[in-house]
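**Q** The file below is coords01.tsv, TSV, C-alpha atoms:
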chain	number	residue	atom	x	y	z
A	1	MET	CA	125.48	43.25	156.93
A	2	LYS	CA	121.76	43.18	156.41
A	3	GLN	CA	120.01	39.84	156.86
A	4	ILE	CA	117.21	39.65	154.34
A	5	LYS	CA	114.75	36.77	154.12
A	6	VAL	CA	112.38	36.19	151.25
A	7	LEU	CA	109.39	34.18	152.46
A	8	GLY	CA	107.50	32.07	149.99
A	9	SER	CA	106.77	28.55	148.88
A	10	GLY	CA	109.40	28.67	146.16
A	11	CYS	CA	107.29	30.02	143.35
A	12	LYS	CA	108.74	32.02	140.50
A	13	LYS	CA	107.90	35.37	142.05
A	14	CYS	CA	109.87	34.55	145.20
A	15	THR	CA	112.96	33.65	143.21
A	16	LYS	CA	112.62	36.85	141.23
A	17	THR	CA	112.28	38.88	144.42
A	18	ALA	CA	115.48	37.42	145.85
A	19	GLU	CA	117.37	38.01	142.61
A	20	LEU	CA	116.16	41.59	142.41
A	21	ILE	CA	117.27	42.35	145.97
A	22	ASN	CA	120.70	40.86	145.34
A	23	LYS	CA	121.10	42.83	142.15
A	24	LEU	CA	120.09	46.16	143.70
A	25	ALA	CA	122.28	45.59	146.74
A	26	LEU	CA	125.24	45.04	144.46
A	27	GLU	CA	124.44	48.26	142.60
A	28	GLN	CA	124.13	50.24	145.81
A	29	GLY	CA	127.20	48.63	147.30
A	30	VAL	CA	125.33	47.40	150.36
A	31	SER	CA	126.41	44.03	151.72
A	32	VAL	CA	123.47	41.73	152.26
A	33	ASN	CA	122.78	38.09	152.97
A	34	VAL	CA	119.61	37.06	151.14
A	35	THR	CA	118.07	33.72	152.07
A	36	LYS	CA	114.88	32.07	150.91
A	37	GLU	CA	112.57	30.70	153.56
A	38	THR	CA	110.09	28.08	152.36
A	39	ASP	CA	109.07	26.36	155.59
A	40	PRO	CA	105.34	26.99	156.14
A	41	GLN	CA	105.77	26.98	159.92
A	42	VAL	CA	108.31	29.80	159.77
A	43	ILE	CA	106.18	31.76	157.32
A	44	MET	CA	103.22	31.36	159.68
A	45	ALA	CA	105.32	32.62	162.58
A	46	TYR	CA	105.85	35.91	160.74
A	47	GLY	CA	102.08	36.15	160.29
A	48	VAL	CA	102.40	36.33	156.53
A	49	MET	CA	99.51	35.22	154.33
A	50	SER	CA	100.49	36.39	150.90
A	51	THR	CA	103.84	35.64	149.40
A	52	PRO	CA	106.44	36.63	148.42
A	53	ALA	CA	107.12	38.53	151.63
A	54	VAL	CA	110.34	40.25	152.67
A	55	VAL	CA	111.89	40.36	156.13
A	56	VAL	CA	114.80	42.76	156.73
A	57	ASP	CA	116.73	42.14	159.95
A	58	GLU	CA	113.76	40.26	161.44
A	59	GLN	CA	111.37	43.08	160.54
A	60	LEU	CA	108.54	42.23	158.13
A	61	VAL	CA	108.56	45.00	155.54
A	62	HIS	CA	106.53	43.73	152.63
A	63	SER	CA	104.18	40.98	151.50
A	64	GLY	CA	102.05	39.92	148.58
A	65	SER	CA	104.03	40.84	145.51
A	66	ILE	CA	107.41	41.38	143.95
A	67	PRO	CA	108.47	44.66	145.60
A	68	HIS	CA	109.12	47.71	143.45
A	69	THR	CA	112.68	48.79	142.84
A	70	GLU	CA	112.24	52.01	144.86
A	71	GLN	CA	110.96	50.06	147.88
A	72	ILE	CA	113.97	47.77	147.87
A	73	GLN	CA	116.35	50.70	147.49
A	74	ALA	CA	114.72	52.33	150.52
A	75	TRP	CA	115.19	49.20	152.67
A	76	LEU	CA	118.80	48.91	151.60
A	77	SER	CA	119.68	52.51	152.35
A	78	GLU	CA	118.16	52.45	155.85
A	79	GLY	CA	120.35	52.07	158.89
B	1	MET	CA	79.61	45.19	120.68
B	2	PHE	CA	81.68	42.10	119.91
B	3	ALA	CA	80.98	42.29	116.15
B	4	ILE	CA	84.25	44.06	115.59
B	5	PHE	CA	86.15	40.91	116.60
B	6	THR	CA	84.14	38.83	114.12
B	7	GLN	CA	84.98	41.34	111.40
B	8	LEU	CA	88.63	41.31	112.35
B	9	ALA	CA	88.67	37.51	112.21
B	10	ASP	CA	86.79	37.56	108.85
B	11	TRP	CA	89.34	39.92	107.41
B	12	LEU	CA	92.43	38.10	108.74
B	13	THR	CA	91.21	34.60	107.93
B	14	TYR	CA	89.53	35.07	104.58
B	15	SER	CA	91.39	38.05	103.06
B	16	ILE	CA	94.90	37.96	104.51
B	17	LEU	CA	95.39	34.22	105.04
B	18	ASN	CA	93.14	33.50	102.06
B	19	LEU	CA	91.37	30.53	103.68
B	20	SER	CA	87.96	29.44	102.52
B	21	PRO	CA	85.09	29.96	104.97
B	22	ASP	CA	83.85	26.47	104.10
B	23	SER	CA	87.07	24.64	104.92
B	24	LYS	CA	87.73	22.99	108.28
B	25	LEU	CA	90.97	24.91	108.64
B	26	GLY	CA	89.31	28.22	107.81
B	27	ASP	CA	86.64	27.51	110.39
B	28	ALA	CA	89.19	26.67	113.09
B	29	VAL	CA	91.44	29.65	112.34
B	30	HIS	CA	88.48	32.03	112.33
B	31	PHE	CA	87.30	30.72	115.70
B	32	PHE	CA	90.81	31.06	117.12
B	33	ILE	CA	91.39	34.64	115.96
B	34	GLU	CA	87.95	35.84	116.98
B	35	ASP	CA	88.11	34.36	120.46
B	36	VAL	CA	91.71	35.26	121.26
B	37	THR	CA	91.36	38.91	120.23
B	38	LYS	CA	88.02	39.26	122.00
B	39	ILE	CA	89.29	37.69	125.20
B	40	TYR	CA	92.51	39.71	125.26
B	41	ALA	CA	90.67	43.00	124.81
B	42	LEU	CA	88.12	42.11	127.47
B	43	LEU	CA	90.74	40.92	129.92
B	44	ILE	CA	92.83	44.05	129.75
B	45	VAL	CA	89.90	46.43	130.11
B	46	MET	CA	87.99	44.47	132.74
B	47	ILE	CA	90.86	43.38	134.97
B	48	TYR	CA	91.82	47.02	135.29
B	49	PHE	CA	88.36	48.19	136.30
B	50	ILE	CA	87.69	45.31	138.66
B	51	ALA	CA	91.08	45.87	140.29
B	52	LEU	CA	90.22	49.56	140.80
B	53	LEU	CA	87.14	48.49	142.74
B	54	ARG	CA	88.72	45.87	144.91
B	55	ALA	CA	92.04	47.60	145.50
B	56	SER	CA	91.45	47.91	149.22
B	57	LEU	CA	90.30	44.31	149.71
B	58	ASN	CA	93.11	42.12	150.89
B	59	ILE	CA	93.49	38.75	152.47
B	60	GLU	CA	94.29	40.13	155.92
B	61	ARG	CA	91.00	42.01	156.05
B	62	VAL	CA	89.11	38.92	154.93
B	63	ARG	CA	90.72	36.96	157.75
B	64	ASP	CA	89.82	39.57	160.36
B	65	TYR	CA	86.29	39.66	159.04
B	66	LEU	CA	85.83	35.89	159.00
B	67	SER	CA	87.29	35.19	162.42
B	68	GLY	CA	84.59	35.27	165.02
B	69	LYS	CA	81.77	34.80	162.50
B	70	ASN	CA	79.41	32.03	163.50
B	71	ARG	CA	79.51	28.88	161.45
B	72	GLY	CA	76.06	29.24	159.93
B	73	VAL	CA	76.98	32.19	157.75
B	74	GLY	CA	80.70	31.45	157.93
B	75	TYR	CA	80.70	28.83	155.19
B	76	LEU	CA	78.77	31.00	152.78
B	77	LEU	CA	80.94	34.04	153.58
B	78	GLY	CA	84.13	32.00	153.28
B	79	SER	CA	83.06	30.73	149.93
B	80	GLY	CA	81.94	34.18	148.76
B	81	PHE	CA	85.23	35.77	149.76
B	82	GLY	CA	87.05	32.91	148.05
B	83	ALA	CA	85.35	34.00	144.85
B	84	ILE	CA	86.27	37.68	145.06
B	85	THR	CA	89.60	37.79	146.88
B	86	PRO	CA	92.61	37.58	144.64
B	87	PHE	CA	95.47	35.38	145.69
B	88	CYS	CA	97.99	33.32	143.83
B	89	SER	CA	97.74	29.56	144.23
B	90	CYS	CA	101.31	29.52	145.53
B	91	SER	CA	99.95	31.38	148.58
B	92	SER	CA	97.39	28.71	149.53
B	93	ILE	CA	99.52	27.30	152.31
B	94	PRO	CA	100.26	30.65	154.04
B	95	VAL	CA	96.60	31.60	153.66
B	96	PHE	CA	95.50	28.29	155.12
B	97	LEU	CA	97.82	28.73	158.09
B	98	GLY	CA	96.93	32.39	158.53
B	99	PHE	CA	93.23	31.57	158.74
B	100	THR	CA	93.83	28.56	160.95
B	101	SER	CA	96.01	30.41	163.44
B	102	ALA	CA	93.33	33.11	163.69
B	103	GLY	CA	91.04	30.38	165.00
B	104	ILE	CA	88.82	30.20	161.93
B	105	PRO	CA	87.27	26.71	161.77
B	106	LEU	CA	88.76	24.37	159.18
B	107	GLY	CA	85.47	24.13	157.29
B	108	ILE	CA	85.27	27.88	156.71
B	109	THR	CA	88.89	28.02	155.61
B	110	MET	CA	88.23	25.18	153.19
B	111	SER	CA	85.09	26.89	151.85
B	112	PHE	CA	87.39	29.77	151.00
B	113	LEU	CA	90.08	27.62	149.40
B	114	LEU	CA	87.70	25.36	147.45
B	115	THR	CA	85.79	28.21	145.83
B	116	SER	CA	88.83	30.30	145.11
B	117	PRO	CA	90.15	28.46	142.03
B	118	LEU	CA	86.65	27.89	140.64
B	119	ILE	CA	85.49	31.49	140.63
B	120	ASN	CA	87.50	34.61	139.89
B	121	GLU	CA	86.97	37.73	137.86
B	122	VAL	CA	88.73	36.36	134.81
B	123	ALA	CA	86.57	33.23	134.81
B	124	ILE	CA	83.38	35.23	135.19
B	125	LEU	CA	84.36	37.54	132.38
B	126	LEU	CA	85.15	34.71	130.00
B	127	LEU	CA	81.95	32.88	130.85
B	128	MET	CA	79.88	36.01	130.26
B	129	SER	CA	81.40	36.71	126.89
B	130	LEU	CA	81.55	33.14	125.62
B	131	LEU	CA	78.56	31.40	127.18
B	132	GLY	CA	76.19	34.15	128.28
B	133	TRP	CA	75.00	35.49	131.61
B	134	LYS	CA	72.59	32.67	132.47
B	135	PHE	CA	75.32	30.11	132.32
B	136	THR	CA	77.62	32.43	134.28
B	137	LEU	CA	75.12	32.85	137.10
B	138	LEU	CA	74.64	29.13	137.26
B	139	TYR	CA	78.36	28.49	137.31
B	140	VAL	CA	78.92	30.99	140.12
B	141	ALA	CA	76.03	29.60	142.14
B	142	ILE	CA	77.37	26.06	141.83
B	143	GLY	CA	80.90	27.13	142.71
B	144	ILE	CA	79.65	28.82	145.89
B	145	CYS	CA	77.49	25.80	146.76
B	146	VAL	CA	80.36	23.34	146.35
B	147	GLY	CA	82.54	25.48	148.64
B	148	THR	CA	79.81	26.05	151.23
B	149	ILE	CA	78.65	22.45	151.43
B	150	GLY	CA	82.20	21.13	151.29
B	151	GLY	CA	83.21	23.28	154.27
B	152	PHE	CA	80.12	22.35	156.24
B	153	PHE	CA	80.73	18.66	155.56
B	154	LEU	CA	84.37	18.80	156.68
B	155	ASP	CA	83.44	20.42	159.98
B	156	SER	CA	80.60	17.98	160.58
B	157	ILE	CA	82.97	15.01	160.32
B	158	LYS	CA	85.47	16.85	162.56
B	159	ALA	CA	88.09	16.83	159.85
B	160	GLU	CA	90.42	19.05	161.89
B	161	ARG	CA	91.71	15.97	163.73
B	162	TRP	CA	93.53	15.09	160.51
B	163	LEU	CA	95.54	18.27	160.29
B	164	GLN	CA	99.30	18.07	160.64
B	165	SER	CA	100.07	18.46	164.32
B	166	PHE	CA	101.58	21.98	164.15
B	167	ALA	CA	98.56	23.25	162.19
B	168	ALA	CA	96.17	21.62	164.65
B	169	LYS	CA	98.03	23.29	167.51
B	170	ALA	CA	97.83	26.68	165.78
B	171	LEU	CA	94.09	26.23	165.37
B	172	VAL	CA	93.54	25.46	169.04
B	173	GLN	CA	95.69	28.41	170.14
B	174	GLY	CA	93.85	30.68	167.73
B	175	GLN	CA	90.48	29.65	169.11
B	176	GLN	CA	91.56	30.29	172.69
B	177	LYS	CA	92.69	33.80	171.88
B	178	ASP	CA	90.14	36.57	172.16
B	179	GLN	CA	88.57	36.98	168.78
B	180	PRO	CA	89.32	40.36	167.32
B	181	GLN	CA	85.86	41.72	166.70
B	182	ASN	CA	86.93	44.46	164.36
B	183	GLU	CA	85.31	44.40	160.97
B	184	GLY	CA	88.43	45.91	159.47
B	185	THR	CA	88.22	49.68	159.43
B	186	PRO	CA	87.39	50.76	155.91
B	187	VAL	CA	90.52	51.96	154.23
B	188	VAL	CA	90.16	55.07	152.15
B	189	MET	CA	92.52	54.70	149.25
B	190	PRO	CA	93.36	57.68	147.07
B	191	PHE	CA	92.70	57.21	143.37
B	192	SER	CA	96.37	57.37	142.45
B	193	GLU	CA	97.08	54.34	144.65
B	194	ARG	CA	94.09	52.50	143.25
B	195	HIS	CA	95.25	53.23	139.74
B	196	GLN	CA	98.76	51.97	140.54
B	197	PHE	CA	97.34	48.80	142.07
B	198	ALA	CA	95.00	48.23	139.11
B	199	LYS	CA	97.80	48.80	136.62
B	200	ASP	CA	100.08	46.33	138.42
B	201	GLU	CA	97.26	43.79	138.63
B	202	THR	CA	96.45	44.09	134.94
B	203	PHE	CA	100.07	43.46	133.93
B	204	GLU	CA	100.46	40.70	136.47
B	205	ILE	CA	97.24	38.81	135.68
B	206	PHE	CA	97.52	39.28	131.94
B	207	GLY	CA	101.12	38.12	132.05
B	208	ARG	CA	100.00	35.01	133.86
B	209	VAL	CA	96.95	34.07	131.78
B	210	TRP	CA	97.67	35.08	128.19
B	211	LYS	CA	99.26	31.75	127.34
B	212	TRP	CA	96.38	29.84	128.91
B	213	VAL	CA	94.02	31.70	126.61
B	214	ILE	CA	96.06	30.63	123.59
B	215	ILE	CA	96.15	27.00	124.74
B	216	GLY	CA	92.48	26.93	125.69
B	217	VAL	CA	91.22	28.62	122.56
B	218	GLY	CA	93.63	26.57	120.44
B	219	LEU	CA	92.17	23.34	121.86
B	220	GLY	CA	88.69	24.76	121.44
B	221	ALA	CA	89.44	25.67	117.84
B	222	ALA	CA	90.83	22.21	117.14
B	223	LEU	CA	87.68	20.66	118.59
B	224	HIS	CA	85.58	23.12	116.66
B	225	GLY	CA	87.15	22.53	113.30
B	226	PHE	CA	88.37	18.96	113.39
B	227	VAL	CA	86.13	16.78	115.52
B	228	PRO	CA	83.59	15.50	112.97
B	229	ASP	CA	80.28	17.33	113.24
B	230	GLY	CA	77.88	15.39	115.36
B	231	TRP	CA	80.48	12.97	116.76
B	232	ILE	CA	80.25	14.21	120.34
B	233	GLU	CA	76.52	14.59	120.05
B	234	GLN	CA	76.09	11.06	118.74
B	235	TYR	CA	78.15	9.33	121.41
B	236	LEU	CA	77.80	11.56	124.46
B	237	GLY	CA	74.88	13.80	123.60
B	238	ASP	CA	72.22	12.05	125.66
B	239	GLY	CA	74.04	12.66	128.90
B	240	GLN	CA	74.59	8.95	129.56
B	241	TRP	CA	75.04	8.56	133.32
B	242	TRP	CA	78.57	7.18	133.11
B	243	SER	CA	79.78	10.04	130.97
B	244	VAL	CA	79.74	12.40	133.99
B	245	PRO	CA	82.04	10.44	136.34
B	246	ALA	CA	84.18	9.62	133.31
B	247	ALA	CA	84.48	13.35	132.57
B	248	VAL	CA	85.45	14.07	136.19
B	249	LEU	CA	88.13	11.36	136.17
B	250	LEU	CA	89.47	12.61	132.86
B	251	GLY	CA	89.72	16.10	134.35
B	252	ILE	CA	92.00	15.06	137.24
B	253	PRO	CA	95.27	14.51	135.38
B	254	LEU	CA	94.52	17.49	133.17
B	255	TYR	CA	95.63	20.58	134.95
B	256	SER	CA	94.48	23.99	133.92
B	257	ASN	CA	93.14	27.12	135.48
B	258	ALA	CA	89.70	28.51	134.74
B	259	THR	CA	91.10	30.80	132.04
B	260	GLY	CA	92.36	27.94	129.92
B	261	VAL	CA	89.39	25.68	130.34
B	262	ILE	CA	86.51	28.04	129.60
B	263	PRO	CA	87.22	28.37	125.86
B	264	VAL	CA	87.29	24.57	125.75
B	265	MET	CA	83.92	24.51	127.50
B	266	GLU	CA	82.48	26.80	124.86
B	267	SER	CA	83.63	24.50	122.13
B	268	LEU	CA	82.39	21.33	123.85
B	269	ILE	CA	78.94	22.81	124.34
B	270	ILE	CA	78.73	24.03	120.73
B	271	ASN	CA	79.65	20.51	119.65
B	272	GLY	CA	76.72	19.09	121.56
B	273	LEU	CA	78.22	17.86	124.83
B	274	PRO	CA	75.51	18.14	127.51
B	275	ILE	CA	75.95	21.03	129.91
B	276	GLY	CA	76.26	18.86	133.03
B	277	THR	CA	79.00	16.70	131.57
B	278	THR	CA	80.86	19.81	130.42
B	279	LEU	CA	80.62	21.46	133.84
B	280	ALA	CA	81.80	18.31	135.59
B	281	PHE	CA	84.79	18.02	133.30
B	282	CYS	CA	85.80	21.63	133.65
B	283	MET	CA	85.39	21.94	137.39
B	284	SER	CA	87.44	18.81	137.85
B	285	THR	CA	90.20	20.16	135.62
B	286	VAL	CA	90.33	23.45	137.51
B	287	ALA	CA	89.86	22.45	141.13
B	288	ALA	CA	91.10	18.90	141.50
B	289	SER	CA	94.72	19.06	140.51
B	290	PHE	CA	97.50	16.93	141.89
B	291	PRO	CA	100.19	19.62	142.14
B	292	GLU	CA	98.01	21.75	144.43
B	293	PHE	CA	97.01	18.79	146.54
B	294	ILE	CA	100.58	17.72	147.06
B	295	LEU	CA	101.28	21.22	148.41
B	296	LEU	CA	98.47	20.86	150.95
B	297	LYS	CA	100.21	17.77	152.30
B	298	GLN	CA	102.40	20.15	154.31
B	299	VAL	CA	99.45	21.07	156.50
B	300	MET	CA	97.14	18.06	156.19
B	301	GLN	CA	97.47	14.36	156.86
B	302	TRP	CA	96.78	11.93	154.02
B	303	ARG	CA	93.33	11.10	155.36
B	304	LEU	CA	92.15	14.68	155.23
B	305	LEU	CA	93.73	15.21	151.85
B	306	ALA	CA	92.01	12.12	150.45
B	307	THR	CA	88.69	13.16	152.01
B	308	VAL	CA	88.83	16.59	150.41
B	309	PHE	CA	89.79	15.13	147.06
B	310	PHE	CA	87.01	12.55	147.17
B	311	LEU	CA	84.54	15.20	148.28
B	312	LEU	CA	85.37	17.29	145.22
B	313	LEU	CA	85.01	14.36	142.84
B	314	VAL	CA	81.66	13.36	144.29
B	315	SER	CA	80.27	16.87	144.24
B	316	PHE	CA	81.33	17.51	140.64
B	317	THR	CA	79.70	14.25	139.60
B	318	VAL	CA	76.46	15.15	141.38
B	319	VAL	CA	76.52	18.63	139.82
B	320	GLY	CA	76.95	17.04	136.39
B	321	TRP	CA	74.08	14.60	136.88
B	322	LEU	CA	71.74	17.28	138.18
B	323	PHE	CA	72.46	19.55	135.27
B	324	ASN	CA	72.02	16.86	132.69
B	325	ALA	CA	68.73	15.90	134.29
B	326	PHE	CA	67.38	19.42	134.45
B	327	SER	CA	69.06	20.98	131.43
B	328	SER	CA	65.78	20.98	129.49
B	329	PHE	CA	64.43	23.53	131.98
B	330	LEU	CA	67.31	25.94	131.54
In structure tokens, what does this structure look like?
**A**
Amino acid sequence: MKQIKVLGSGCKKCTKTAELINKLALEQGVSVNVTKETDPQVIMAYGVMSTPAVVVDEQLVHSGSIPHTEQIQAWLSEG
Amino acid sequence: MFAIFTQLADWLTYSILNLSPDSKLGDAVHFFIEDVTKIYALLIVMIYFIALLRASLNIERVRDYLSGKNRGVGYLLGSGFGAITPFCSCSSIPVFLGFTSAGIPLGITMSFLLTSPLINEVAILLLMSLLGWKFTLLYVAIGICVGTIGGFFLDSIKAERWLQSFAAKALVQGQQKDQPQNEGTPVVMPFSERHQFAKDETFEIFGRVWKWVIIGVGLGAALHGFVPDGWIEQYLGDGQWWSVPAAVLLGIPLYSNATGVIPVMESLIINGLPIGTTLAFCMSTVAASFPEFILLKQVMQWRLLATVFFLLLVSFTVVGWLFNAFSSFL
């Protein structure tokens, strides 16, 4: 199961990002655990300055916007 | 160039809605239609082109560039980058921490964060089209000054001792690290990527600000059509000294971004409110907002938070007084 974290201070875009990932994972039949991380200290530890950012299995893959559908599909189909 | 929007508003207001040009309502509706259509058209075209230009500028590069700059130019640079770098206000905390943990002094980081809400491409565009280029230049210059002086002041009182402890620790660690001296290698971005970025930005920014334009212009139109002619001029027109701090205080509970407040500024100035009082009111509405300050509590202690807030209020008041005093020379 993929552990996916959405980093962000809880703004609308972060919620949307998490929802989108969940929806696409369901479509692709990939089992994921999506959590939202809002603690500024944790976000700092990943070195992220623009949110929402996405971490897949502890690997920072994206930051600064709601990711495009194709990007998310690529992360989900890896590994 | 903008005459087409006046004609459109003429046609819609007087022919389609059948309102009389002499009535208060006709006046207000005309103002609303003309401004909203003009602003929407400008926004869509200009956001796209500006985004094309700054596609390769991102916050990480700004951080790398600012870290290791000496303080003298640092405040000015911080403030200047605050004006041109796009970032959503919900990112202020990560940006603050990112800068801090790169060892950038608190004052320079604050120069960046203070100027950022005051100046952005949408604000500049609206100011140009509604209030002219002289006013725009002035506004930008003041915004940069407030950020620069604010940052300098915070460092000179050693404000970093009032950071939350984890942020203070990150700052110290960042300063001990070797400063990366790279100026950020220039990224060559193919046009297709720039176009994609600009298209996304246009949708994203327009989606965020269109309602503010309606609210701002709506308020402006209401002021325009329904506040009795000469009322503002009669009571506040001489730039009475107390009207400036009063305007700043009034701006605090009102929360808007620059997009919503600029159409209101236009209307206030047309109605005879002195330029300094108007500026003070608008800057306070845009930059001194409680929701944003509460967010900063996560990285700052109350004392620092209160200092920054007070600093903003004082500087907006001084800006207002100066402009009222010298407005005859403008």
**Q** If you measure from CA of Asp57 in chain A to CA of Ser9 in chain A, what distance in Å do you get, rounded to one decimal?
**A** 20.2 Å
**Q** Distance limit 9 Å, atoms considered: all atoms listed in the file. Which chain A residues sit that close to chain B? Return them as a list in words.
**A**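 Interface list for chain A against chain B: Gly8, Ser9, Gly10, Cys11, Pro40, Gln41, Ile43, Met44, Gly47, Val48, Met49, Ser50, Thr51, Pro52 and Gly64 of chain A.
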**Q** Near Leu236 in chain B, within 9 Å and counting all atoms listed in the file, which residues show up once chain neighbours fewer than 2 positions away are dropped, as a PyMOL selection string?
**A** chain B and resi 231-234+238-240+243+272-274+277
**Q** Take the point (86.9, 37.9, 141.7) in the file's coordinates, draw a sphere of radius 7 Å around it, and report as an MDAnalysis selection string every protein, DNA or RNA residue with an atom inside or on it, counting all atoms listed in the file.
**A** chainID B and resid 83:86 119:121
**Q** Export, as a short mmCIF file (atom, residue, chain, number, x, y, z; two decimals), in the frame of the given file, the selected residues with C-alpha atoms.
**A**
data_model
loop_
_atom_site.label_atom_id
_atom_site.label_comp_id
_atom_site.auth_asym_id
_atom_site.auth_seq_id
_atom_site.Cartn_x
_atom_site.Cartn_y
_atom_site.Cartn_z
CA ALA B 83 85.35 34.00 144.85
CA ILE B 84 86.27 37.68 145.06
CA THR B 85 89.60 37.79 146.88
CA PRO B 86 92.61 37.58 144.64
CA ILE B 119 85.49 31.49 140.63
CA ASN B 120 87.50 34.61 139.89
CA GLU B 121 86.97 37.73 137.86
#
**Q** Hey, what's within 12 Å of Ile252 in chain B if we count all atoms listed in the file and toss same-chain stuff fewer than 2 positions away? As an MDAnalysis selection string, please?
**A** chainID B and resid 245:250 254:256 280:293 309:310 312:313 316
**Q** Mind giving me the straight-line distance from CA of Leu66 in chain B to CA of Ser79 in chain B in Å, one decimal?
**A**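 Pair CA of Leu66 in chain B / CA of Ser79 in chain B returns 10.8 Å.
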**Q** Just the number, please: distance in Å from CA of Ala55 in chain B to CA of Ser116 in chain B, one decimal.
**A**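 Result for CA of Ala55 in chain B versus CA of Ser116 in chain B: 17.6 Å, one decimal.
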**Q** Using only C-alpha atoms, give me every residue within 9 Å of (90.2, 36.3, 113.3) in file coordinates, as a list in words.
**A**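 Using only C-alpha atoms, the matching residues come out as Phe5, Thr6, Gln7, Leu8, Ala9, Asp10, Trp11, Leu12, Thr13, Tyr14, Val29, His30, Phe31, Phe32, Ile33, Glu34, Asp35, Val36 and Thr37 of chain B.
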**Q** Would you kindly return, as a PyMOL selection string, each protein, DNA or RNA residue with an atom no farther than 10 Å from any atom of range 31-33 of chain A, considering all atoms listed in the file and excluding same-chain residues fewer than 2 positions away?
**A** chain A and resi 1-5+21-22+25-26+28-29+35+56+76
